[in-house]
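S.K.: Have a look at the structure that comes next, please.
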Amino acid sequence: MDLEELVKVRAQYDAEMRRDARPDAAEARVERVGGVVRQSVRGPGWNGVLWSDLDEETADAAIAEQVAFFEGESAEFEWKLYGYDRPADLGERLRAAGFVPEPAETLMACRVADLAALPVAPPAGITLRVVTDEAGVDLMMAVHRQAFGADRPEIRQQMLSMLANEPERIEAVLAMAGDTPVSAARMEMLPGGSFAGLWGGGTVARWRGRGIYRLLVAHRARLAAERGIPYLQVDASDDSRPILERLGFTPLGTTTPWLRQPAR
């Protein structure tokens with residue numbers, strides 16, 4: 001993408017996926033409060049700030065308002081901060097309010113048509129299995145525990161909700177070595193939207209370096225092409241960014257999850 005297209009795609013992403021975001025599960029609620037768009041959900045699920053339009057005069061009050069709201073829900077929440085968000089010191093203001101940053105990721109995008117045309121053959125001994133039920137979701141969570149070293153019950157709940165209530169919004173897949181799951185990934189979409197988001201992609205350590213991650217990206221790109229979605233989007237870790245760049249993804253900016261635990 002040239003600079004003109006990058007600027008256009010980033011603006012489109014901010015509008016569709018952040019400012020005008022839709023809930024990621026049937027149990028979730030997205031609302032705009034002043035200069036902030038947030039999602040909240042009772043029980044397991046993702047809580048957080050998706051977008052903000054703040055300045056030096058309004059930022060601290062908006063942060064305090066969101067802290068008070070989620071404290072009232074006794075919920076951990078994430079402020080998803082993008083490198084181009086304003087004010088420029090918003091991250092430090094979040095730190096002062098008790099938020100803790102996780103590692104920064106790179107927001108990347110690619111034209112679906114470019115990626116879907118790439119020839120990618122499964123590595124020897126690997127087959128793909130589509131996930132459609134709770135048993136498949138639990139296999140994905142087992143892979144994620146091995147790949148990332150953590151349980152994510154909110155992701156499990158989100159996937160189950162989508163599969164049950166909005167199956168058209170999710171495509172989930174396992175890479176299998178015989179009967180053993182060794183990698184897992186999902187793609188989330190909005191009907192009529194311009195972006196399909198790639199998530200997961202975790203591979204068990206001893207199966208890395210064999211092209212499985214590349215296979216799962218290409219598989220999801222072909223599914224997005226079938227649905228007429230023009231762009232893929234990824235929040236890329238430092239490990240996955242070089243692979244994605246070789247596949248044709250372009251950085252749009254950085255994104256950092258700032259987390260805040262409820263007061264005990």
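Going by the structure tokens order, chains are called A, B, ..., each with residues numbered from 1, while ligands are numbered from 1 in the order shown.
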Name the residues in contact with region 30-36 of chain A at a cut-off of 12 Å, using only C-alpha atoms, excluding same-chain residues fewer than 2 positions from it; report them as JSON, numbers by chain.
M.R.: {"A": [17, 18, 19, 20, 21, 22, 23, 24, 25, 26, 27, 28, 38, 39, 40, 41, 46, 47, 48, 49, 50, 51, 52, 53, 54, 55, 57, 58, 59, 60, 61, 62, 63, 64, 65, 66, 69, 79, 80, 81, 85, 86]}
S.K.: If you run DSSP on the backbone here, which positions in region 101-186 of chain A get helix (DSSP H, G or I)? Please write them as a ChimeraX atom specification.
M.R.: /A:112-116,134-148,153-165,167-169
S.K.: Taking only region 48-104 of chain A into account, list the residues labelled strand (DSSP E) by DSSP (computed from the backbone), as a list in words.
M.R.: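 Secondary structure check on region 48-104 of chain A, strand (DSSP E): Gly48, Val49, Leu50, Trp51, Ser52, Phe77, Glu78, Trp79, Lys80, Leu81, Tyr82, Val100 and Pro101 of chain A.
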S.K.: Please provide the set of residues having any atom within 9 Å of region 186-191 of chain A, restricted to only C-alpha atoms, with same-chain residues fewer than 3 positions apart removed, written as a PyMOL selection string.
M.R.: chain A and resi 22+24+168-174+194-201+216+220+224+227+229
S.K.: Each residue of region 91-207 of chain A lying at most 6 Å from region 250-260 of chain A should get a row with its shortest atom-to-atom pair and the distance in Å to one decimal, counting only C-alpha atoms; could you produce that, ordered by chain and increasing number, as JSON lines?
M.R.:
```
{"residue": "A:Phe99", "atom": "CA", "partner": "A:Arg260", "partner_atom": "CA", "distance": 4.6}
{"residue": "A:Val100", "atom": "CA", "partner": "A:Leu259", "partner_atom": "CA", "distance": 5.2}
{"residue": "A:Pro101", "atom": "CA", "partner": "A:Trp258", "partner_atom": "CA", "distance": 4.3}
{"residue": "A:Glu102", "atom": "CA", "partner": "A:Pro257", "partner_atom": "CA", "distance": 5.5}
{"residue": "A:Ala104", "atom": "CA", "partner": "A:Thr256", "partner_atom": "CA", "distance": 4.4}
{"residue": "A:Glu105", "atom": "CA", "partner": "A:Thr255", "partner_atom": "CA", "distance": 5.3}
{"residue": "A:Thr106", "atom": "CA", "partner": "A:Thr254", "partner_atom": "CA", "distance": 4.4}
{"residue": "A:Leu107", "atom": "CA", "partner": "A:Gly253", "partner_atom": "CA", "distance": 5.3}
{"residue": "A:Met108", "atom": "CA", "partner": "A:Pro251", "partner_atom": "CA", "distance": 4.3}
{"residue": "A:Ala109", "atom": "CA", "partner": "A:Thr250", "partner_atom": "CA", "distance": 5.5}
```
S.K.: Identify which of the residues A:Met162, A:Ala113, A:Met1, A:Ala147 lies closest to Glu134 (chain A), counting only C-alpha atoms when measuring atom-to-atom distances.
M.R.: A:Met162
S.K.: In Å, how far is it from CA of Asp114 (chain A) to CA of Leu232 (chain A)?
M.R.: 10.4 Å
S.K.: Env of Gly202 (chain A): 9 Å cut, atoms = only C-alpha atoms, seq-sep filter 4 positions within chain, self excluded. Answer as a list in words.
M.R.: Val143, His144, Gln146, Ala147, Phe148, Val182, Ser183, Ala184, Ala185 and Tyr213 of chain A
S.K.: Go ahead and write the selection's residues with C-alpha atoms as a PDB file, in the first residue's frame.
M.R.:
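File written: again.pdb
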```pdb
ATOM      1  CA  VAL A 143      -3.452 -24.981  22.305  1.00  0.00           C
ATOM      2  CA  HIS A 144      -3.422 -21.371  23.523  1.00  0.00           C
ATOM      3  CA  GLN A 146       0.575 -24.334  25.548  1.00  0.00           C
ATOM      4  CA  ALA A 147       1.477 -21.593  23.058  1.00  0.00           C
ATOM      5  CA  PHE A 148       0.993 -18.512  25.233  1.00  0.00           C
ATOM      6  CA  VAL A 182      -0.821 -28.034  17.444  1.00  0.00           C
ATOM      7  CA  SER A 183      -2.038 -24.575  16.378  1.00  0.00           C
ATOM      8  CA  ALA A 184      -5.281 -22.595  16.534  1.00  0.00           C
ATOM      9  CA  ALA A 185      -6.588 -19.370  15.066  1.00  0.00           C
ATOM     10  CA  TYR A 213       1.181 -19.890  11.055  1.00  0.00           C
TER      11      TYR A 213
END
```
S.K.: Please report the interatomic distance between CA of Arg10 (chain A) and CA of Ile155 (chain A) in Å with one decimal.
M.R.: 25.4 Å
S.K.: To one decimal in Å, tell me the separation between CA of Ala11 (chain A) and CA of Ile243 (chain A).
M.R.: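 Here the two named atoms are 24.7 Å from each other.
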S.K.: Between A:Val67, A:Ala142, A:Ala236, A:Ala75, which one has atoms that come closest to Arg42 (chain A), using only C-alpha atoms?
M.R.: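 Checking each of A:Val67, A:Ala142, A:Ala236, A:Ala75 against Arg42 (chain A), counting only C-alpha atoms, the winner is A:Ala75.
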S.K.: Which residue gives the smallest distance to Gln12 (chain A) among A:Gln233, A:Leu90, A:Asp138, A:Ser74, with only C-alpha atoms counted?
M.R.: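 Looking only at the distances to Gln12 (chain A), the closest residue turns out to be A:Gln233.
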S.K.: Find the residue from A:Ala175, A:Gly149, A:Gly83, A:Thr132 that sits nearest to Leu163 (chain A); use only C-alpha atoms when measuring.
M.R.: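 When distances to Leu163 (chain A) are compared using only C-alpha atoms, the smallest one comes from A:Thr132.
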